file structure-v8.pdb (PDB, C-alpha atoms)
ATOM      1  CA  MET A 163     -54.381  30.237 204.295  1.00  0.00           C
ATOM      2  CA  ASP A 164     -56.607  31.610 207.021  1.00  0.00           C
ATOM      3  CA  TRP A 165     -55.010  34.986 207.881  1.00  0.00           C
ATOM      4  CA  GLU A 166     -57.293  35.675 210.797  1.00  0.00           C
ATOM      5  CA  LYS A 167     -56.419  32.357 212.396  1.00  0.00           C
ATOM      6  CA  GLN A 168     -52.691  32.968 211.897  1.00  0.00           C
ATOM      7  CA  PHE A 169     -52.992  36.509 213.301  1.00  0.00           C
ATOM      8  CA  ARG A 170     -54.781  35.245 216.379  1.00  0.00           C
ATOM      9  CA  LYS A 171     -52.269  32.432 216.764  1.00  0.00           C
ATOM     10  CA  TYR A 172     -49.133  34.590 216.662  1.00  0.00           C
ATOM     11  CA  VAL A 173     -50.208  38.126 217.617  1.00  0.00           C
ATOM     12  CA  TRP A 174     -53.513  38.067 219.447  1.00  0.00           C
ATOM     13  CA  ASP A 175     -54.311  35.174 221.717  1.00  0.00           C
ATOM     14  CA  ASP A 176     -57.067  35.458 224.302  1.00  0.00           C
ATOM     15  CA  ASP A 177     -54.944  33.451 226.704  1.00  0.00           C
ATOM     16  CA  LYS A 178     -51.515  35.054 226.203  1.00  0.00           C
ATOM     17  CA  THR A 179     -52.491  38.620 225.270  1.00  0.00           C
ATOM     18  CA  PRO A 180     -55.779  39.399 227.073  1.00  0.00           C
ATOM     19  CA  TYR A 181     -55.246  43.170 227.200  1.00  0.00           C
ATOM     20  CA  PHE A 182     -58.788  44.072 226.133  1.00  0.00           C
ATOM     21  CA  THR A 183     -60.468  41.452 228.283  1.00  0.00           C
ATOM     22  CA  PRO A 184     -62.113  43.068 231.311  1.00  0.00           C
ATOM     23  CA  VAL A 185     -60.334  42.261 234.579  1.00  0.00           C
ATOM     24  CA  ALA A 186     -63.524  40.724 235.969  1.00  0.00           C
ATOM     25  CA  LYS A 187     -63.466  38.115 233.167  1.00  0.00           C
ATOM     26  CA  LEU A 188     -59.787  37.175 233.419  1.00  0.00           C
ATOM     27  CA  ASN A 189     -58.665  33.811 234.718  1.00  0.00           C
ATOM     28  CA  ARG A 190     -55.397  33.280 236.590  1.00  0.00           C
ATOM     29  CA  ARG A 191     -53.430  32.160 233.535  1.00  0.00           C
ATOM     30  CA  GLN A 192     -54.467  35.235 231.553  1.00  0.00           C
ATOM     31  CA  ALA A 193     -53.679  37.524 234.481  1.00  0.00           C
ATOM     32  CA  SER A 194     -50.302  35.855 235.014  1.00  0.00           C
ATOM     33  CA  ASN A 195     -49.390  36.293 231.356  1.00  0.00           C
ATOM     34  CA  GLU A 196     -50.388  39.941 231.410  1.00  0.00           C
ATOM     35  CA  ILE A 197     -48.540  40.666 234.652  1.00  0.00           C
ATOM     36  CA  TYR A 198     -45.439  38.886 233.338  1.00  0.00           C
ATOM     37  CA  VAL A 199     -45.250  41.094 230.237  1.00  0.00           C
ATOM     38  CA  PHE A 200     -45.869  44.218 232.323  1.00  0.00           C
ATOM     39  CA  ALA A 201     -43.169  43.245 234.820  1.00  0.00           C
ATOM     40  CA  LEU A 202     -40.722  42.456 232.026  1.00  0.00           C
ATOM     41  CA  PHE A 203     -41.319  45.861 230.412  1.00  0.00           C
ATOM     42  CA  LEU A 204     -41.176  47.767 233.684  1.00  0.00           C
ATOM     43  CA  GLY A 205     -38.152  45.896 235.023  1.00  0.00           C
ATOM     44  CA  THR A 206     -36.187  46.412 231.813  1.00  0.00           C
ATOM     45  CA  LEU A 207     -37.060  50.108 231.601  1.00  0.00           C
ATOM     46  CA  PHE A 208     -36.140  50.868 235.195  1.00  0.00           C
ATOM     47  CA  CYS A 209     -33.013  48.735 235.059  1.00  0.00           C
ATOM     48  CA  VAL A 210     -31.821  50.991 232.227  1.00  0.00           C
ATOM     49  CA  VAL A 211     -32.837  54.078 234.217  1.00  0.00           C
ATOM     50  CA  ALA A 212     -30.904  52.820 237.265  1.00  0.00           C
ATOM     51  CA  VAL A 213     -27.763  52.306 235.205  1.00  0.00           C
ATOM     52  CA  LEU A 214     -28.099  55.672 233.462  1.00  0.00           C
ATOM     53  CA  ALA A 215     -28.712  57.472 236.758  1.00  0.00           C
ATOM     54  CA  ASN A 216     -25.517  55.960 238.158  1.00  0.00           C
ATOM     55  CA  THR A 217     -23.440  56.911 235.133  1.00  0.00           C
ATOM     56  CA  GLY A 218     -24.713  60.475 234.922  1.00  0.00           C
ATOM     57  CA  ALA A 219     -26.155  60.077 231.413  1.00  0.00           C
ATOM     58  CA  LEU A 220     -29.579  61.458 232.370  1.00  0.00           C
ATOM     59  CA  PRO A 221     -30.345  65.196 231.958  1.00  0.00           C
ATOM     60  CA  HIS A 222     -30.028  65.849 235.703  1.00  0.00           C
ATOM     61  CA  GLY A 223     -26.626  64.167 235.895  1.00  0.00           C
ATOM     62  CA  ARG A 224     -25.680  61.497 238.403  1.00  0.00           C
ATOM     63  CA  SER A 225     -28.244  60.781 241.116  1.00  0.00           C
ATOM     64  CA  PHE A 226     -28.105  58.073 243.734  1.00  0.00           C
ATOM     65  CA  ALA A 227     -31.747  58.725 244.706  1.00  0.00           C
ATOM     66  CA  VAL A 228     -33.046  58.186 241.170  1.00  0.00           C
ATOM     67  CA  ALA A 229     -30.919  55.051 240.804  1.00  0.00           C
ATOM     68  CA  LEU A 230     -32.143  53.699 244.136  1.00  0.00           C
ATOM     69  CA  TYR A 231     -35.790  54.343 243.244  1.00  0.00           C
ATOM     70  CA  ALA A 232     -35.323  52.731 239.831  1.00  0.00           C
ATOM     71  CA  PHE A 233     -33.725  49.689 241.452  1.00  0.00           C
ATOM     72  CA  SER A 234     -36.634  49.450 243.904  1.00  0.00           C
ATOM     73  CA  VAL A 235     -39.084  49.431 240.972  1.00  0.00           C
ATOM     74  CA  VAL A 236     -37.077  46.614 239.365  1.00  0.00           C
ATOM     75  CA  CYS A 237     -37.372  44.672 242.630  1.00  0.00           C
ATOM     76  CA  ALA A 238     -41.123  45.345 242.810  1.00  0.00           C
ATOM     77  CA  ALA A 239     -41.503  44.209 239.186  1.00  0.00           C
ATOM     78  CA  ILE A 240     -39.771  40.935 240.035  1.00  0.00           C
ATOM     79  CA  ILE A 241     -42.015  40.500 243.082  1.00  0.00           C
ATOM     80  CA  ILE A 242     -45.198  41.135 241.131  1.00  0.00           C
ATOM     81  CA  ALA A 243     -44.098  38.807 238.351  1.00  0.00           C
ATOM     82  CA  PHE A 244     -43.703  35.922 240.773  1.00  0.00           C
ATOM     83  CA  THR A 245     -46.235  36.601 243.538  1.00  0.00           C
ATOM     84  CA  LYS A 246     -48.892  38.924 242.020  1.00  0.00           C
ATOM     85  CA  HIS A 247     -48.958  40.645 245.417  1.00  0.00           C
ATOM     86  CA  PRO A 248     -51.233  43.727 245.559  1.00  0.00           C
ATOM     87  CA  LEU A 249     -48.632  45.908 247.325  1.00  0.00           C
ATOM     88  CA  ALA A 250     -46.105  45.215 244.582  1.00  0.00           C
ATOM     89  CA  ALA A 251     -48.805  46.082 242.040  1.00  0.00           C
ATOM     90  CA  TRP A 252     -49.445  49.395 243.806  1.00  0.00           C
ATOM     91  CA  TYR A 253     -45.721  50.166 243.918  1.00  0.00           C
ATOM     92  CA  CYS A 254     -45.294  49.386 240.225  1.00  0.00           C
ATOM     93  CA  GLY A 255     -48.487  51.283 239.447  1.00  0.00           C
ATOM     94  CA  PHE A 256     -47.022  54.497 240.821  1.00  0.00           C
ATOM     95  CA  ALA A 257     -43.965  54.352 238.558  1.00  0.00           C
ATOM     96  CA  PRO A 258     -45.595  56.604 235.908  1.00  0.00           C
ATOM     97  CA  VAL A 259     -46.405  59.125 238.644  1.00  0.00           C
ATOM     98  CA  ALA A 260     -42.730  59.070 239.615  1.00  0.00           C
ATOM     99  CA  ALA A 261     -41.836  59.641 235.955  1.00  0.00           C
ATOM    100  CA  LEU A 262     -44.121  62.692 235.849  1.00  0.00           C
ATOM    101  CA  ILE A 263     -42.550  64.017 239.056  1.00  0.00           C
ATOM    102  CA  TYR A 264     -39.111  63.468 237.527  1.00  0.00           C
ATOM    103  CA  PHE A 265     -40.083  65.434 234.393  1.00  0.00           C
ATOM    104  CA  TYR A 266     -41.514  68.204 236.570  1.00  0.00           C
ATOM    105  CA  LEU A 267     -38.404  68.479 238.757  1.00  0.00           C
ATOM    106  CA  PHE A 268     -35.654  67.882 236.221  1.00  0.00           C
ATOM    107  CA  GLY A 269     -37.335  68.638 232.900  1.00  0.00           C
ATOM    108  CA  PHE A 270     -36.969  66.840 229.611  1.00  0.00           C
ATOM    109  CA  HIS A 271     -33.835  66.167 227.626  1.00  0.00           C
ATOM    110  CA  PRO A 272     -32.428  69.501 226.370  1.00  0.00           C
ATOM    111  CA  ASN A 273     -32.513  68.347 222.735  1.00  0.00           C
ATOM    112  CA  SER A 274     -36.207  67.400 222.767  1.00  0.00           C
ATOM    113  CA  GLY A 275     -38.803  69.719 221.267  1.00  0.00           C
ATOM    114  CA  ALA A 276     -42.402  70.522 222.123  1.00  0.00           C
ATOM    115  CA  VAL A 277     -43.757  67.635 220.064  1.00  0.00           C
ATOM    116  CA  ASP A 278     -41.422  65.258 221.891  1.00  0.00           C
ATOM    117  CA  HIS A 279     -42.716  66.553 225.225  1.00  0.00           C
ATOM    118  CA  VAL A 280     -46.325  65.974 224.177  1.00  0.00           C
ATOM    119  CA  VAL A 281     -45.592  62.462 222.902  1.00  0.00           C
ATOM    120  CA  ILE A 282     -43.764  61.554 226.115  1.00  0.00           C
ATOM    121  CA  LEU A 283     -46.557  62.937 228.299  1.00  0.00           C
ATOM    122  CA  VAL A 284     -49.214  61.081 226.292  1.00  0.00           C
ATOM    123  CA  LEU A 285     -47.251  57.834 226.603  1.00  0.00           C
ATOM    124  CA  VAL A 286     -46.840  58.321 230.353  1.00  0.00           C
ATOM    125  CA  ALA A 287     -50.583  59.058 230.659  1.00  0.00           C
ATOM    126  CA  LEU A 288     -51.399  55.822 228.789  1.00  0.00           C
ATOM    127  CA  TRP A 289     -48.916  53.973 230.992  1.00  0.00           C
ATOM    128  CA  LEU A 290     -50.626  55.431 234.075  1.00  0.00           C
ATOM    129  CA  ARG A 291     -54.021  54.283 232.796  1.00  0.00           C
ATOM    130  CA  TYR A 292     -52.694  50.777 232.147  1.00  0.00           C
ATOM    131  CA  SER A 293     -51.054  50.715 235.580  1.00  0.00           C
ATOM    132  CA  TRP A 294     -54.501  51.025 237.125  1.00  0.00           C
ATOM    133  CA  ARG A 295     -55.438  47.795 235.320  1.00  0.00           C
ATOM    134  CA  VAL A 296     -52.357  46.074 236.744  1.00  0.00           C
ATOM    135  CA  ILE A 297     -53.259  47.275 240.248  1.00  0.00           C
ATOM    136  CA  THR A 298     -56.783  45.914 239.789  1.00  0.00           C
ATOM    137  CA  ILE A 299     -55.409  42.559 238.606  1.00  0.00           C
ATOM    138  CA  GLY A 300     -53.100  42.441 241.624  1.00  0.00           C
ATOM    139  CA  MET A 301     -55.973  43.150 244.001  1.00  0.00           C
ATOM    140  CA  ARG A 302     -58.258  40.535 242.426  1.00  0.00           C
ATOM    141  CA  PHE A 303     -55.745  37.837 241.490  1.00  0.00           C
ATOM    142  CA  GLU A 304     -56.468  35.534 244.442  1.00  0.00           C
ATOM    143  CA  ASP A 305     -60.199  35.549 243.617  1.00  0.00           C
ATOM    144  CA  MET A 306     -59.757  34.803 239.902  1.00  0.00           C
ATOM    145  CA  PRO A 307     -60.823  31.392 238.644  1.00  0.00           C
ATOM    146  CA  GLU A 308     -58.286  28.860 237.444  1.00  0.00           C
ATOM    147  CA  ALA A 309     -57.961  28.499 233.688  1.00  0.00           C
ATOM    148  CA  GLU A 310     -59.786  25.698 231.961  1.00  0.00           C
ATOM    149  CA  ALA A 311     -57.642  22.994 230.444  1.00  0.00           C
ATOM    150  CA  LYS A 312     -57.034  23.868 226.815  1.00  0.00           C
ATOM    151  CA  LYS A 313     -57.419  21.156 224.223  1.00  0.00           C
ATOM    152  CA  LYS A 314     -54.297  20.629 222.175  1.00  0.00           C
ATOM    153  CA  HIS A 315     -54.950  20.209 218.500  1.00  0.00           C
ATOM    154  CA  ASP A 316     -52.839  20.310 215.393  1.00  0.00           C
ATOM    155  CA  ASP A 317     -53.464  23.343 213.175  1.00  0.00           C
ATOM    156  CA  TRP A 318     -51.805  21.809 210.153  1.00  0.00           C
TER     157      TRP A 318
END

call {"tool": "encode", "arguments": {"input": "structure-v8.pdb", "output": "structure tokens"}}
result
Amino acid sequence: MDWEKQFRKYVWDDDKTPYFTPVAKLNRRQASNEIYVFALFLGTLFCVVAVLANTGALPHGRSFAVALYAFSVVCAAIIIAFTKHPLAAWYCGFAPVAALIYFYLFGFHPNSGAVDHVVILVLVALWLRYSWRVITIGMRFEDMPEAEAKKKHDDW
């Protein structure tokens, strides 16, 4: 059994998971796949935040403004998933900045420790860095080449 081939087939595929491919070398199919996964992650996360903000389960309590912003990010994620529009990419790209502002204004969960704070801030920083890639894909999507037709072959 060829483990590398199986790994690439199920976990790492240049077409479906092109996360380390430079944006300048992406084709439209690769960019669409990447944007779809990003939009799915972002939409799910902010859908949960919108519900929690309405129920009062967040550390700051119930907040219509936080719920409204979270819902607007869900809408922008849906728009970017289907249209790849640059403005939707910019709006989604600023979601980690909004998360940092939220942590600055309202703080972290009262039961979280210093290590938790550092881990959360590192994750948000990585998310912010990746958001720049999504913005770049959104700005360049119309100029990306179409994907070449892939030959179907049986791996058995």

call {"tool": "atom_distance", "arguments": {"input": "structure-v8.pdb", "atom1": "atom CA of Phe244 of chain A", "atom2": "atom CA of Ala201 of chain A"}}
result
9.5 Å

call {"tool": "residues_near_point", "arguments": {"input": "structure-v8.pdb", "point": "(-48.8, 40.9, 236.2)", "cutoff": "10 Å", "atoms": "only C-alpha atoms", "output": "list in words"}}
result
Gln192, Ala193, Ser194, Asn195, Glu196, Ile197, Tyr198, Val199, Phe200, Ala201, Leu202, Ala239, Ile240, Ile241, Ile242, Ala243, Phe244, Thr245, Lys246, His247, Ala250, Ala251, Arg295, Val296, Ile297, Ile299, Gly300 and Phe303 of chain A

call {"tool": "atom_distance", "arguments": {"input": "structure-v8.pdb", "atom1": "atom CA of Val284 of chain A", "atom2": "atom CA of Val211 of chain A"}}
result
19.5 Å

call {"tool": "resolve_selection", "arguments": {"input": "structure-v8.pdb", "expression": "the PyMOL selection byres ((chain A and resi 256) around 12)", "output": "PyMOL selection string"}}
result
chain A and resi 204+231-232+234-235+238-239+249-255+257-263+286-287+289-294+296-297

call {"tool": "write_last_selection", "arguments": {"input": "structure-v8.pdb", "atoms": "C-alpha atoms", "output": "mmCIF file, keeping the file's coordinate frame"}}
result
data_model
loop_
_atom_site.group_PDB
_atom_site.id
_atom_site.type_symbol
_atom_site.label_atom_id
_atom_site.label_comp_id
_atom_site.auth_asym_id
_atom_site.auth_seq_id
_atom_site.Cartn_x
_atom_site.Cartn_y
_atom_site.Cartn_z
ATOM 1 C CA LEU A 204 -41.176 47.767 233.684
ATOM 2 C CA TYR A 231 -35.790 54.343 243.244
ATOM 3 C CA ALA A 232 -35.323 52.731 239.831
ATOM 4 C CA SER A 234 -36.634 49.450 243.904
ATOM 5 C CA VAL A 235 -39.084 49.431 240.972
ATOM 6 C CA ALA A 238 -41.123 45.345 242.810
ATOM 7 C CA ALA A 239 -41.503 44.209 239.186
ATOM 8 C CA LEU A 249 -48.632 45.908 247.325
ATOM 9 C CA ALA A 250 -46.105 45.215 244.582
ATOM 10 C CA ALA A 251 -48.805 46.082 242.040
ATOM 11 C CA TRP A 252 -49.445 49.395 243.806
ATOM 12 C CA TYR A 253 -45.721 50.166 243.918
ATOM 13 C CA CYS A 254 -45.294 49.386 240.225
ATOM 14 C CA GLY A 255 -48.487 51.283 239.447
ATOM 15 C CA ALA A 257 -43.965 54.352 238.558
ATOM 16 C CA PRO A 258 -45.595 56.604 235.908
ATOM 17 C CA VAL A 259 -46.405 59.125 238.644
ATOM 18 C CA ALA A 260 -42.730 59.070 239.615
ATOM 19 C CA ALA A 261 -41.836 59.641 235.955
ATOM 20 C CA LEU A 262 -44.121 62.692 235.849
ATOM 21 C CA ILE A 263 -42.550 64.017 239.056
ATOM 22 C CA VAL A 286 -46.840 58.321 230.353
ATOM 23 C CA ALA A 287 -50.583 59.058 230.659
ATOM 24 C CA TRP A 289 -48.916 53.973 230.992
ATOM 25 C CA LEU A 290 -50.626 55.431 234.075
ATOM 26 C CA ARG A 291 -54.021 54.283 232.796
ATOM 27 C CA TYR A 292 -52.694 50.777 232.147
ATOM 28 C CA SER A 293 -51.054 50.715 235.580
ATOM 29 C CA TRP A 294 -54.501 51.025 237.125
ATOM 30 C CA VAL A 296 -52.357 46.074 236.744
ATOM 31 C CA ILE A 297 -53.259 47.275 240.248
#

call {"tool": "atom_distance", "arguments": {"input": "structure-v8.pdb", "atom1": "atom CA of Cys237 of chain A", "atom2": "atom CA of Thr206 of chain A"}}
result
11.0 Å

call {"tool": "closest_residue", "arguments": {"input": "structure-v8.pdb", "among": "A:Thr217, A:Phe233, A:Phe270, A:Met306", "to": "Gly205 of chain A", "atoms": "all atoms listed in the file"}}
result
A:Phe233

call {"tool": "axis_aligned_box", "arguments": {"input": "structure-v8.pdb", "around": "segment 248-261 of chain A", "padding_each_side": "8 Å", "output": "AutoDock Vina command-line options"}}
result
--center_x -46.5 --center_y 51.7 --center_z 241.6 --size_x 25.4 --size_y 31.9 --size_z 27.4

call {"tool": "residues_around", "arguments": {"input": "structure-v8.pdb", "residues": "Phe268 of chain A", "least_positions_apart": "4", "cutoff": "8 Å", "atoms": "all atoms listed in the file", "output": "list in words"}}
result
Pro221, His222 and Tyr264 of chain A

call {"tool": "write_last_selection", "arguments": {"input": "structure-v8.pdb", "atoms": "C-alpha atoms", "output": "PDB file, keeping the file's coordinate frame"}}
result
ATOM      1  CA  PRO A 221     -30.345  65.196 231.958  1.00  0.00           C
ATOM      2  CA  HIS A 222     -30.028  65.849 235.703  1.00  0.00           C
ATOM      3  CA  TYR A 264     -39.111  63.468 237.527  1.00  0.00           C
TER       4      TYR A 264
END

call {"tool": "closest_residue", "arguments": {"input": "structure-v8.pdb", "among": "A:Leu230, A:Ser225, A:Leu220, A:Leu285", "to": "Pro272 of chain A", "atoms": "all atoms listed in the file"}}
result
A:Leu220

call {"tool": "residues_around", "arguments": {"input": "structure-v8.pdb", "residues": "Ala219 of chain A", "least_positions_apart": "5", "cutoff": "12 Å", "atoms": "all atoms listed in the file", "output": "PyMOL selection string"}}
result
chain A and resi 210-214+224-225+229+271

call {"tool": "resolve_selection", "arguments": {"input": "structure-v8.pdb", "expression": "the PyMOL selection byres ((chain A and resi 186) around 9)", "output": "short mmCIF file (atom, residue, chain, number, x, y, z; two decimals) with C-alpha atoms, keeping the file's coordinate frame"}}
result
data_model
loop_
_atom_site.label_atom_id
_atom_site.label_comp_id
_atom_site.auth_asym_id
_atom_site.auth_seq_id
_atom_site.Cartn_x
_atom_site.Cartn_y
_atom_site.Cartn_z
CA THR A 183 -60.47 41.45 228.28
CA PRO A 184 -62.11 43.07 231.31
CA VAL A 185 -60.33 42.26 234.58
CA LYS A 187 -63.47 38.12 233.17
CA LEU A 188 -59.79 37.17 233.42
CA ASN A 189 -58.66 33.81 234.72
CA ILE A 299 -55.41 42.56 238.61
CA ARG A 302 -58.26 40.53 242.43
CA MET A 306 -59.76 34.80 239.90
#
